[in-house]
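So this one's protein-v4.pdb, PDB, C-alpha atoms:
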MODEL        1
ATOM      1  CA  MET H   1       0.000   0.000   0.000
ATOM      2  CA  PRO H   2       1.539   3.336  -0.995
ATOM      3  CA  ALA H   3       2.518   5.827   1.691
ATOM      4  CA  PRO H   4       0.085   8.712   2.131
ATOM      5  CA  ALA H   5       0.991  11.943   0.385
ATOM      6  CA  LEU H   6       2.650  14.580   2.509
ATOM      7  CA  ALA H   7       0.351  17.547   2.992
ATOM      8  CA  PRO H   8       2.038  20.878   2.247
ATOM      9  CA  ASP H   9       2.199  23.428   5.049
ATOM     10  CA  ALA H  10       2.111  26.912   3.599
ATOM     11  CA  ASP H  11       3.287  28.386   6.897
ATOM     12  CA  ALA H  12       6.302  26.111   7.356
ATOM     13  CA  PRO H  13       9.738  27.561   6.576
ATOM     14  CA  ILE H  14      11.237  26.019   3.452
ATOM     15  CA  LEU H  15      14.722  25.935   4.970
ATOM     16  CA  LEU H  16      15.406  25.049   8.590
ATOM     17  CA  ARG H  17      18.608  25.969  10.397
ATOM     18  CA  ALA H  18      19.913  24.480  13.632
ATOM     19  CA  MET H  19      23.247  24.055  15.379
ATOM     20  CA  ALA H  20      24.877  20.799  16.456
ATOM     21  CA  GLY H  21      27.811  22.168  18.409
ATOM     22  CA  PRO H  22      29.951  24.074  15.886
ATOM     23  CA  VAL H  23      28.077  22.526  12.945
ATOM     24  CA  ALA H  24      25.239  24.369  11.189
ATOM     25  CA  VAL H  25      22.571  21.979   9.940
ATOM     26  CA  LEU H  26      20.555  23.316   7.002
ATOM     27  CA  THR H  27      17.466  21.229   6.289
ATOM     28  CA  LEU H  28      15.467  21.442   3.074
ATOM     29  CA  ASN H  29      11.849  21.529   4.208
ATOM     30  CA  ARG H  30       9.585  21.115   1.185
ATOM     31  CA  PRO H  31       8.787  17.405   1.654
ATOM     32  CA  ALA H  32       5.490  17.567  -0.229
ATOM     33  CA  GLN H  33       7.420  18.884  -3.254
ATOM     34  CA  ARG H  34      10.223  16.361  -2.724
ATOM     35  CA  ASN H  35      12.410  19.290  -1.635
ATOM     36  CA  SER H  36      12.641  20.583  -5.181
ATOM     37  CA  LEU H  37      14.783  23.678  -5.593
ATOM     38  CA  SER H  38      12.302  26.480  -6.117
ATOM     39  CA  GLU H  39      13.506  30.011  -6.727
ATOM     40  CA  ALA H  40      12.773  30.828  -3.076
ATOM     41  CA  LEU H  41      14.615  27.789  -1.690
ATOM     42  CA  ILE H  42      17.667  28.511  -3.823
ATOM     43  CA  ALA H  43      17.692  32.089  -2.514
ATOM     44  CA  GLU H  44      17.346  30.962   1.102
ATOM     45  CA  LEU H  45      20.142  28.434   0.765
ATOM     46  CA  HIS H  46      22.412  31.053  -0.788
ATOM     47  CA  GLN H  47      21.613  33.557   1.961
ATOM     48  CA  ALA H  48      22.210  30.991   4.696
ATOM     49  CA  LEU H  49      25.591  30.089   3.202
ATOM     50  CA  ALA H  50      26.575  33.761   3.099
ATOM     51  CA  GLU H  51      25.642  34.190   6.761
ATOM     52  CA  ILE H  52      27.483  31.014   7.762
ATOM     53  CA  GLY H  53      30.589  32.129   5.904
ATOM     54  CA  ALA H  54      30.779  35.217   8.090
ATOM     55  CA  ASP H  55      29.931  33.435  11.351
ATOM     56  CA  LYS H  56      33.082  32.349  13.207
ATOM     57  CA  ALA H  57      31.009  30.192  15.556
ATOM     58  CA  VAL H  58      30.164  27.882  12.641
ATOM     59  CA  ARG H  59      33.023  25.600  11.658
ATOM     60  CA  ALA H  60      31.232  23.174   9.340
ATOM     61  CA  VAL H  61      27.877  22.681   7.604
ATOM     62  CA  VAL H  62      25.537  19.752   6.999
ATOM     63  CA  ILE H  63      22.865  19.978   4.301
ATOM     64  CA  ALA H  64      20.003  17.568   5.001
ATOM     65  CA  ALA H  65      16.344  17.252   4.039
ATOM     66  CA  ASN H  66      13.000  16.308   5.546
ATOM     67  CA  GLY H  67      10.700  13.717   4.024
ATOM     68  CA  PRO H  68      11.405  10.638   1.897
ATOM     69  CA  ALA H  69      13.328  12.504  -0.838
ATOM     70  CA  PHE H  70      16.536  14.478  -0.415
ATOM     71  CA  CYS H  71      15.940  16.691  -3.441
ATOM     72  CA  ALA H  72      14.174  16.022  -6.739
ATOM     73  CA  GLY H  73      15.890  18.822  -8.637
ATOM     74  CA  HIS H  74      14.250  21.981  -9.912
ATOM     75  CA  ASP H  75      10.578  22.703  -9.302
ATOM     76  CA  LEU H  76       9.158  21.748 -12.695
ATOM     77  CA  LYS H  77       5.725  23.186 -11.911
ATOM     78  CA  GLU H  78       7.319  26.560 -11.161
ATOM     79  CA  LEU H  79       9.310  26.414 -14.384
ATOM     80  CA  THR H  80       6.291  25.369 -16.449
ATOM     81  CA  ALA H  81       4.182  28.223 -15.062
ATOM     82  CA  HIS H  82       6.522  30.700 -16.759
ATOM     83  CA  ARG H  83       5.901  29.266 -20.230
ATOM     84  CA  ALA H  84       2.945  31.661 -20.295
ATOM     85  CA  ASP H  85       5.336  34.623 -20.113
ATOM     86  CA  ALA H  86       5.711  36.761 -23.228
ATOM     87  CA  ASP H  87       9.175  35.293 -23.868
ATOM     88  CA  ARG H  88       7.976  31.708 -23.160
ATOM     89  CA  GLY H  89       9.913  31.809 -19.897
ATOM     90  CA  ARG H  90      13.381  32.559 -21.268
ATOM     91  CA  ALA H  91      14.155  35.345 -18.789
ATOM     92  CA  PHE H  92      12.911  33.373 -15.792
ATOM     93  CA  PHE H  93      14.718  30.187 -16.867
ATOM     94  CA  ALA H  94      17.993  32.100 -17.269
ATOM     95  CA  LYS H  95      17.533  33.861 -13.934
ATOM     96  CA  LEU H  96      16.790  30.614 -12.096
ATOM     97  CA  MET H  97      19.625  28.599 -13.648
ATOM     98  CA  ASN H  98      22.134  31.352 -12.932
ATOM     99  CA  ALA H  99      20.871  31.715  -9.359
ATOM    100  CA  CYS H 100      21.142  27.964  -8.810
ATOM    101  CA  SER H 101      24.642  27.871 -10.314
ATOM    102  CA  ALA H 102      25.718  30.730  -8.047
ATOM    103  CA  MET H 103      24.345  28.913  -4.994
ATOM    104  CA  MET H 104      26.197  25.710  -5.927
ATOM    105  CA  GLN H 105      29.407  27.689  -6.357
ATOM    106  CA  ALA H 106      28.831  29.295  -2.950
ATOM    107  CA  ILE H 107      29.039  25.822  -1.421
ATOM    108  CA  VAL H 108      32.392  25.227  -3.102
ATOM    109  CA  GLN H 109      33.644  28.703  -2.202
ATOM    110  CA  LEU H 110      32.489  28.540   1.424
ATOM    111  CA  PRO H 111      35.641  28.545   3.609
ATOM    112  CA  LYS H 112      34.131  25.750   5.716
ATOM    113  CA  PRO H 113      33.477  22.093   4.889
ATOM    114  CA  VAL H 114      29.975  21.173   3.716
ATOM    115  CA  VAL H 115      28.626  17.644   4.177
ATOM    116  CA  ALA H 116      25.504  16.332   2.438
ATOM    117  CA  SER H 117      23.212  13.995   4.383
ATOM    118  CA  VAL H 118      21.158  12.059   1.836
ATOM    119  CA  GLN H 119      18.241   9.973   3.071
ATOM    120  CA  GLY H 120      16.419   9.324  -0.215
ATOM    121  CA  ILE H 121      16.568  10.171  -3.894
ATOM    122  CA  ALA H 122      18.774  12.991  -5.142
ATOM    123  CA  THR H 123      17.953  13.675  -8.768
ATOM    124  CA  ALA H 124      18.957  16.302 -11.340
ATOM    125  CA  ALA H 125      19.783  19.506  -9.418
ATOM    126  CA  GLY H 126      19.449  17.443  -6.239
ATOM    127  CA  CYS H 127      22.271  15.223  -7.436
ATOM    128  CA  GLN H 128      24.130  18.423  -8.347
ATOM    129  CA  LEU H 129      23.671  19.648  -4.771
ATOM    130  CA  VAL H 130      25.230  16.462  -3.387
ATOM    131  CA  ALA H 131      28.103  16.656  -5.872
ATOM    132  CA  SER H 132      28.731  20.292  -4.957
ATOM    133  CA  CYS H 133      29.237  19.451  -1.282
ATOM    134  CA  ASP H 134      32.733  18.611  -0.078
ATOM    135  CA  LEU H 135      31.655  15.350   1.533
ATOM    136  CA  ALA H 136      28.504  13.226   1.384
ATOM    137  CA  VAL H 137      26.945  10.560   3.578
ATOM    138  CA  ALA H 138      24.020   8.563   2.221
ATOM    139  CA  SER H 139      21.476   6.107   3.534
ATOM    140  CA  GLU H 140      21.617   2.672   1.982
ATOM    141  CA  ALA H 141      18.130   3.532   0.683
ATOM    142  CA  ALA H 142      19.358   6.598  -1.211
ATOM    143  CA  ALA H 143      19.708   6.784  -4.980
ATOM    144  CA  PHE H 144      21.183   9.324  -7.381
ATOM    145  CA  ALA H 145      20.191  10.201 -10.929
ATOM    146  CA  THR H 146      20.354  12.845 -13.635
ATOM    147  CA  PRO H 147      17.124  11.877 -15.423
ATOM    148  CA  GLY H 148      16.512  15.068 -17.369
ATOM    149  CA  VAL H 149      17.074  13.186 -20.622
ATOM    150  CA  ASP H 150      13.838  11.281 -19.917
ATOM    151  CA  ILE H 151      11.801  14.501 -20.157
ATOM    152  CA  GLY H 152      13.742  16.134 -22.973
ATOM    153  CA  LEU H 153      15.865  18.310 -20.685
ATOM    154  CA  PHE H 154      19.513  17.266 -20.529
ATOM    155  CA  CYS H 155      20.980  17.806 -17.046
ATOM    156  CA  SER H 156      23.589  20.283 -18.262
ATOM    157  CA  THR H 157      24.099  22.256 -15.051
ATOM    158  CA  PRO H 158      24.086  19.132 -12.834
ATOM    159  CA  MET H 159      26.656  17.756 -15.294
ATOM    160  CA  VAL H 160      29.177  20.401 -14.187
ATOM    161  CA  ALA H 161      29.278  19.194 -10.592
ATOM    162  CA  LEU H 162      28.792  15.520 -11.467
ATOM    163  CA  SER H 163      31.678  15.447 -13.955
ATOM    164  CA  ARG H 164      33.966  16.959 -11.325
ATOM    165  CA  ASN H 165      33.171  14.111  -8.928
ATOM    166  CA  VAL H 166      33.034  10.917 -10.956
ATOM    167  CA  PRO H 167      34.958   9.534 -13.940
ATOM    168  CA  ARG H 168      33.754  10.575 -17.404
ATOM    169  CA  LYS H 169      32.315   7.240 -18.481
ATOM    170  CA  GLN H 170      30.246   6.927 -15.302
ATOM    171  CA  ALA H 171      29.085  10.549 -15.538
ATOM    172  CA  MET H 172      28.068  10.100 -19.169
ATOM    173  CA  GLU H 173      26.180   6.903 -18.383
ATOM    174  CA  MET H 174      24.171   8.703 -15.702
ATOM    175  CA  LEU H 175      23.520  11.685 -17.981
ATOM    176  CA  LEU H 176      22.645   9.691 -21.100
ATOM    177  CA  THR H 177      20.483   6.996 -19.516
ATOM    178  CA  GLY H 178      18.911   8.837 -16.584
ATOM    179  CA  GLU H 179      19.007   5.564 -14.650
ATOM    180  CA  PRO H 180      19.220   5.822 -10.843
ATOM    181  CA  VAL H 181      22.467   4.804  -9.185
ATOM    182  CA  PRO H 182      22.103   3.093  -5.784
ATOM    183  CA  ALA H 183      24.074   4.409  -2.833
ATOM    184  CA  ALA H 184      26.700   1.649  -2.862
ATOM    185  CA  ARG H 185      27.453   2.295  -6.536
ATOM    186  CA  ALA H 186      27.522   6.046  -5.940
ATOM    187  CA  ARG H 187      30.184   5.465  -3.294
ATOM    188  CA  ASP H 188      32.187   3.216  -5.598
ATOM    189  CA  ILE H 189      32.335   5.847  -8.359
ATOM    190  CA  GLY H 190      33.202   8.658  -5.965
ATOM    191  CA  LEU H 191      29.957  10.619  -5.800
ATOM    192  CA  ILE H 192      29.581  10.065  -2.059
ATOM    193  CA  ASN H 193      31.895   9.081   0.784
ATOM    194  CA  ARG H 194      29.899   6.747   3.020
ATOM    195  CA  VAL H 195      26.826   4.522   2.942
ATOM    196  CA  VAL H 196      25.139   3.925   6.290
ATOM    197  CA  ALA H 197      22.028   2.253   7.635
ATOM    198  CA  ALA H 198      18.811   4.075   6.810
ATOM    199  CA  GLY H 199      17.942   6.577   9.494
ATOM    200  CA  THR H 200      21.530   7.090  10.650
ATOM    201  CA  GLU H 201      22.769   9.239   7.777
ATOM    202  CA  ARG H 202      22.135  12.609   9.438
ATOM    203  CA  ASP H 203      23.865  11.689  12.697
ATOM    204  CA  THR H 204      26.777  10.248  10.718
ATOM    205  CA  ALA H 205      27.048  13.382   8.581
ATOM    206  CA  ILE H 206      26.984  15.608  11.670
ATOM    207  CA  ALA H 207      29.643  13.457  13.362
ATOM    208  CA  LEU H 208      31.827  13.694  10.256
ATOM    209  CA  ALA H 209      31.356  17.469  10.123
ATOM    210  CA  GLN H 210      32.192  17.735  13.826
ATOM    211  CA  GLN H 211      35.354  15.715  13.274
ATOM    212  CA  VAL H 212      36.548  18.211  10.668
ATOM    213  CA  ALA H 213      35.354  21.131  12.819
ATOM    214  CA  ARG H 214      37.914  20.172  15.462
ATOM    215  CA  LYS H 215      40.752  21.093  13.090
ATOM    216  CA  SER H 216      42.158  24.579  12.623
ATOM    217  CA  ALA H 217      39.560  26.651  10.763
ATOM    218  CA  HIS H 218      42.383  28.623   9.109
ATOM    219  CA  THR H 219      44.007  25.454   7.815
ATOM    220  CA  ILE H 220      40.692  24.054   6.545
ATOM    221  CA  LYS H 221      39.949  27.314   4.745
ATOM    222  CA  LEU H 222      43.357  27.328   3.031
ATOM    223  CA  GLY H 223      43.116  23.653   2.132
ATOM    224  CA  LYS H 224      39.595  23.714   0.747
ATOM    225  CA  GLU H 225      40.285  26.712  -1.458
ATOM    226  CA  ALA H 226      43.539  25.185  -2.694
ATOM    227  CA  PHE H 227      41.889  21.835  -3.443
ATOM    228  CA  TYR H 228      39.343  23.300  -5.827
ATOM    229  CA  ARG H 229      41.723  25.807  -7.437
ATOM    230  CA  GLN H 230      44.480  23.311  -8.221
ATOM    231  CA  ALA H 231      41.989  20.848  -9.700
ATOM    232  CA  GLU H 232      41.438  23.227 -12.640
ATOM    233  CA  MET H 233      45.172  23.739 -13.319
ATOM    234  CA  SER H 234      47.789  21.893 -15.317
ATOM    235  CA  LEU H 235      50.079  19.604 -13.308
ATOM    236  CA  ALA H 236      52.975  22.076 -13.294
ATOM    237  CA  ASP H 237      50.746  25.038 -12.398
ATOM    238  CA  ALA H 238      49.046  23.007  -9.675
ATOM    239  CA  TYR H 239      52.370  22.136  -8.042
ATOM    240  CA  ARG H 240      53.590  25.728  -8.322
ATOM    241  CA  TYR H 241      50.400  27.028  -6.724
ATOM    242  CA  ALA H 242      50.343  24.322  -4.025
ATOM    243  CA  ALA H 243      53.956  25.112  -3.086
ATOM    244  CA  GLU H 244      52.966  28.744  -2.551
ATOM    245  CA  VAL H 245      50.019  27.673  -0.402
ATOM    246  CA  MET H 246      52.223  25.345   1.656
ATOM    247  CA  THR H 247      54.741  28.136   2.216
ATOM    248  CA  GLU H 248      52.056  30.540   3.445
ATOM    249  CA  ASN H 249      50.512  27.769   5.540
ATOM    250  CA  MET H 250      53.858  27.042   7.214
ATOM    251  CA  LEU H 251      54.015  30.676   8.304
ATOM    252  CA  ALA H 252      50.550  30.535   9.878
ATOM    253  CA  ARG H 253      50.350  30.537  13.658
ATOM    254  CA  ASP H 254      48.255  27.342  13.703
ATOM    255  CA  ALA H 255      50.841  25.426  11.667
ATOM    256  CA  GLU H 256      53.571  26.511  14.075
ATOM    257  CA  GLU H 257      51.376  25.465  17.002
ATOM    258  CA  GLY H 258      50.286  22.186  15.411
ATOM    259  CA  ILE H 259      53.802  21.080  14.502
ATOM    260  CA  GLY H 260      55.083  22.102  17.917
ATOM    261  CA  ALA H 261      52.291  20.190  19.628
ATOM    262  CA  PHE H 262      53.060  17.099  17.547
ATOM    263  CA  ILE H 263      56.744  17.224  18.452
ATOM    264  CA  GLU H 264      55.941  17.877  22.116
ATOM    265  CA  LYS H 265      53.215  15.188  22.149
ATOM    266  CA  ARG H 266      50.434  17.484  23.341
ATOM    267  CA  THR H 267      47.044  18.646  22.049
ATOM    268  CA  PRO H 268      47.303  21.750  19.844
ATOM    269  CA  GLN H 269      45.491  24.922  20.859
ATOM    270  CA  TRP H 270      44.119  26.461  17.677
ATOM    271  CA  ARG H 271      43.716  30.201  17.231
ATOM    272  CA  ASP H 272      42.373  29.843  13.686
ATOM    273  CA  GLU H 273      45.074  32.093  12.312
TER     274      GLU H 273
ENDMDL
END

Translate this file's structure into structure tokens.
Amino acid sequence: MPAPALAPDADAPILLRAMAGPVAVLTLNRPAQRNSLSEALIAELHQALAEIGADKAVRAVVIAANGPAFCAGHDLKELTAHRADADRGRAFFAKLMNACSAMMQAIVQLPKPVVASVQGIATAAGCQLVASCDLAVASEAAAFATPGVDIGLFCSTPMVALSRNVPRKQAMEMLLTGEPVPAARARDIGLINRVVAAGTERDTAIALAQQVARKSAHTIKLGKEAFYRQAEMSLADAYRYAAEVMTENMLARDAEEGIGAFIEKRTPQWRDE
């Protein structure tokens, strides 16, 4: 017997924010719409990331979702409604895709680690959201897909994040077939980090985020930025850039403290500088 449909609550916030120690937990809260990325939800996510970036009390982020689905991509009903516009929706489509792309880039550019907690399906832009996070923990019941090809809409923007996570052949298979990839396979191809028992994914993601949050925030910021920048460079340029980063990192107070603590066999006292 199918599960009853989730009744929408017009008064409920579409994005929830809570703290788990130094970890900010952002929860997509449109379960009746399978947490699809409406224009409003994209804007709220982007705003929350901007606020978190400036908040020194937050050292890591978990992006989770309520309901059976993690995120079913863009809100197709919202998109379709704009086909009645004079330009058949062109301006709105461009605005939405650019806003979504900017939000995804904000995750990558955030100077703090972001962990996805995936309890159900993550399709199209939902899969893109997972791929844009630095780390991802998924329930064994989760699945990932870029099924736009099935409705005549190739997942071109999800492709950007997906192709930077998994090998080309696997990315192309997902994009060309639209077939869902189970969590274990997603881990094997590098889309996610861990597969855990259903119902434990959020706690596991928070624990992973808290583990990283115990490191020097200055070091994590330097390392995350360097990771994504060097990935777009040639081998020689990447080594040249990484050597510069290592040199600056060695001069940081936290590196001096961390190395000293290691030599002296004591716990380092980070100043995040």

Atomic separation - atom CA of Asp188 of chain H relative to atom CA of Pro167 of chain H, Å
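According to the coordinates, atom CA of Pro167 of chain H and atom CA of Asp188 of chain H are separated by 10.8 Å.
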
Might you spell out which residues the PyMOL selection byres ((chain H and resi 90-101) around 10) would select in the displayed file, as JSON, numbers by chain?
{"H": [37, 38, 39, 40, 41, 42, 43, 45, 46, 74, 78, 79, 80, 82, 83, 85, 86, 87, 88, 89, 102, 103, 104, 105, 106, 125, 128, 129, 157, 158, 160, 161]}

Here's a test: counting all atoms listed in the file, identify every protein, DNA and RNA residue with an atom at most 7 Å from (12.3, 10.8, -2.6) in the file's coordinate frame, and state them as a ChimeraX atom specification.
/H:34,68-72,120-121

Applying 8 Å and all atoms listed in the file, which residues near Pro22 of chain H remain after dropping the ones on its own chain fewer than 4 positions away? List them as a VMD selection string.
chain H and resid 57 to 60 210 213

To one decimal place in Å, what is the distance between atom CA of Ala136 of chain H and atom CA of Val115 of chain H?
5.2 Å

What is the distance between atom CA of Leu49 of chain H and atom CA of Gln119 of chain H, in Å to one decimal?
21.4 Å

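Selection result for the displayed file, with the PyMOL selection byres ((chain H and resi 164) around 12) as criterion, is Val108, Gln128, Val130, Ala131, Ser132, Cys133, Asp134, Thr157, Pro158, Met159, Val160, Ala161, Leu162, Ser163, Asn165, Val166, Pro167, Arg168, Gln170, Ala171, Met172, Ile189, Gly190, Leu191, Tyr228, Ala231 and Glu232 of chain H.
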
Quick one: residues within 7 Å of Glu201 of chain H, only C-alpha atoms, excluding same-chain residues fewer than 6 positions away - as a PyMOL selection string?
chain H and resi 117-119+137-139

Could you list, as a short mmCIF file (atom, residue, chain, number, x, y, z; two decimals) with C-alpha atoms, in the coordinates of the input, every residue within 8 Å of Ala209 of chain H, counting all atoms listed in the file and ignoring same-chain residues fewer than 5 positions away?
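This is the output file around.cif:
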data_model
loop_
_atom_site.label_atom_id
_atom_site.label_comp_id
_atom_site.auth_asym_id
_atom_site.auth_seq_id
_atom_site.Cartn_x
_atom_site.Cartn_y
_atom_site.Cartn_z
CA VAL H 23 28.08 22.53 12.94
CA ALA H 60 31.23 23.17 9.34
CA VAL H 61 27.88 22.68 7.60
CA VAL H 62 25.54 19.75 7.00
CA PRO H 113 33.48 22.09 4.89
CA VAL H 114 29.98 21.17 3.72
CA VAL H 115 28.63 17.64 4.18
#

Skipping near chain neighbours, those fewer than 3 positions away, what residues fall within 9 Å of Asp272 of chain H using all atoms listed in the file, listed as a PyMOL selection string?
chain H and resi 215-219+253-254

Go through the shown structure with the PyMOL selection byres ((chain H and resi 146) around 8) and write out the matching residues as a list in words.
Thr123, Ala124, Ala125, Cys127, Phe144, Ala145, Pro147, Gly148, Val149, Cys155, Pro158, Met174, Leu175, Gly178, Glu179 and Pro180 of chain H

Just checking: using only C-alpha atoms, which residue out of H:Ala255, H:Leu135, H:Ala12, H:Ala18 ends up closest to Ala32 of chain H?
H:Ala12

Between H:Pro182, H:Pro13, H:Gly126, H:Gly21, which one has atoms that come closest to Ile63 of chain H, using all atoms listed in the file?
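Between H:Pro182, H:Pro13, H:Gly126, H:Gly21, the residue approaching Ile63 of chain H most closely is H:Gly126.
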
If you take every atom of segment 263-273 of chain H that the file lists and fit an axis-aligned box around them with 6 Å extra on each side, what centre and edge lengths come out in Å to one decimal, as lines of an AutoDock Vina configuration file?
center_x = 49.6
center_y = 23.6
center_z = 17.8
size_x = 26.4
size_y = 28.9
size_z = 23.0

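With only C-alpha atoms as the basis for measurement, H:Ile14 is the residue among H:Ile14, H:Ala20, H:Ala141, H:Ala84 that approaches Asn66 of chain H most closely.
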
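When all atoms listed in the file are used to compute distances to Pro31 of chain H, the closest of the residues H:Ala65, H:Leu16, H:Ile263, H:Val212 turns out to be H:Ala65.
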
Need the shell around Leu222 of chain H: protein/DNA/RNA residues with any atom at most 8 Å away, counting all atoms listed in the file. Skip same-chain ones fewer than 4 positions apart. Format as a ChimeraX atom specification?
/H:111,218,226,245,249

Would you fill the gaps in segment 122-130 of chain H so it has all heavy atoms, then print it as a PDB file, in the coordinates of the input?
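Saved result, selection.pdb, follows:
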ATOM      1  N   ALA H 122      18.178  11.698  -4.814  1.00  0.00           N
ATOM      2  CA  ALA H 122      18.774  12.991  -5.142  1.00  0.00           C
ATOM      3  C   ALA H 122      18.900  13.013  -6.659  1.00  0.00           C
ATOM      4  O   ALA H 122      19.776  12.348  -7.223  1.00  0.00           O
ATOM      5  CB  ALA H 122      20.142  13.148  -4.474  1.00  0.00           C
ATOM      6  N   THR H 123      17.987  13.711  -7.310  1.00  0.00           N
ATOM      7  CA  THR H 123      17.953  13.675  -8.768  1.00  0.00           C
ATOM      8  C   THR H 123      18.171  15.052  -9.366  1.00  0.00           C
ATOM      9  O   THR H 123      17.830  16.075  -8.769  1.00  0.00           O
ATOM     10  CB  THR H 123      16.612  13.114  -9.265  1.00  0.00           C
ATOM     11  OG1 THR H 123      15.540  13.916  -8.755  1.00  0.00           O
ATOM     12  CG2 THR H 123      16.411  11.685  -8.798  1.00  0.00           C
ATOM     13  N   ALA H 124      18.738  15.065 -10.587  1.00  0.00           N
ATOM     14  CA  ALA H 124      18.957  16.302 -11.340  1.00  0.00           C
ATOM     15  C   ALA H 124      19.706  17.325 -10.480  1.00  0.00           C
ATOM     16  O   ALA H 124      20.805  17.046 -10.018  1.00  0.00           O
ATOM     17  CB  ALA H 124      17.633  16.827 -11.886  1.00  0.00           C
ATOM     18  N   ALA H 125      19.108  18.499 -10.234  1.00  0.00           N
ATOM     19  CA  ALA H 125      19.783  19.506  -9.418  1.00  0.00           C
ATOM     20  C   ALA H 125      19.987  19.034  -7.985  1.00  0.00           C
ATOM     21  O   ALA H 125      20.850  19.553  -7.273  1.00  0.00           O
ATOM     22  CB  ALA H 125      19.003  20.817  -9.436  1.00  0.00           C
ATOM     23  N   GLY H 126      19.217  18.037  -7.549  1.00  0.00           N
ATOM     24  CA  GLY H 126      19.449  17.443  -6.239  1.00  0.00           C
ATOM     25  C   GLY H 126      20.732  16.644  -6.213  1.00  0.00           C
ATOM     26  O   GLY H 126      21.489  16.676  -5.237  1.00  0.00           O
ATOM     27  N   CYS H 127      21.001  15.935  -7.291  1.00  0.00           N
ATOM     28  CA  CYS H 127      22.271  15.223  -7.436  1.00  0.00           C
ATOM     29  C   CYS H 127      23.415  16.236  -7.534  1.00  0.00           C
ATOM     30  O   CYS H 127      24.500  16.036  -6.977  1.00  0.00           O
ATOM     31  CB  CYS H 127      22.214  14.330  -8.669  1.00  0.00           C
ATOM     32  SG  CYS H 127      23.655  13.266  -8.908  1.00  0.00           S
ATOM     33  N   GLN H 128      23.166  17.328  -8.235  1.00  0.00           N
ATOM     34  CA  GLN H 128      24.130  18.423  -8.347  1.00  0.00           C
ATOM     35  C   GLN H 128      24.470  18.989  -6.969  1.00  0.00           C
ATOM     36  O   GLN H 128      25.633  19.287  -6.673  1.00  0.00           O
ATOM     37  CB  GLN H 128      23.557  19.518  -9.238  1.00  0.00           C
ATOM     38  CG  GLN H 128      24.429  20.742  -9.435  1.00  0.00           C
ATOM     39  CD  GLN H 128      23.697  21.818 -10.226  1.00  0.00           C
ATOM     40  OE1 GLN H 128      22.526  21.670 -10.565  1.00  0.00           O
ATOM     41  NE2 GLN H 128      24.378  22.907 -10.517  1.00  0.00           N
ATOM     42  N   LEU H 129      23.461  19.127  -6.121  1.00  0.00           N
ATOM     43  CA  LEU H 129      23.671  19.648  -4.771  1.00  0.00           C
ATOM     44  C   LEU H 129      24.588  18.726  -3.984  1.00  0.00           C
ATOM     45  O   LEU H 129      25.511  19.192  -3.297  1.00  0.00           O
ATOM     46  CB  LEU H 129      22.319  19.801  -4.063  1.00  0.00           C
ATOM     47  CG  LEU H 129      22.323  20.373  -2.650  1.00  0.00           C
ATOM     48  CD1 LEU H 129      22.968  21.750  -2.609  1.00  0.00           C
ATOM     49  CD2 LEU H 129      20.894  20.438  -2.101  1.00  0.00           C
ATOM     50  N   VAL H 130      24.370  17.426  -4.072  1.00  0.00           N
ATOM     51  CA  VAL H 130      25.230  16.462  -3.387  1.00  0.00           C
ATOM     52  C   VAL H 130      26.656  16.554  -3.929  1.00  0.00           C
ATOM     53  O   VAL H 130      27.629  16.594  -3.165  1.00  0.00           O
ATOM     54  CB  VAL H 130      24.689  15.033  -3.549  1.00  0.00           C
ATOM     55  CG1 VAL H 130      25.658  14.016  -2.936  1.00  0.00           C
ATOM     56  CG2 VAL H 130      23.313  14.903  -2.913  1.00  0.00           C
TER      57      VAL H 130
END
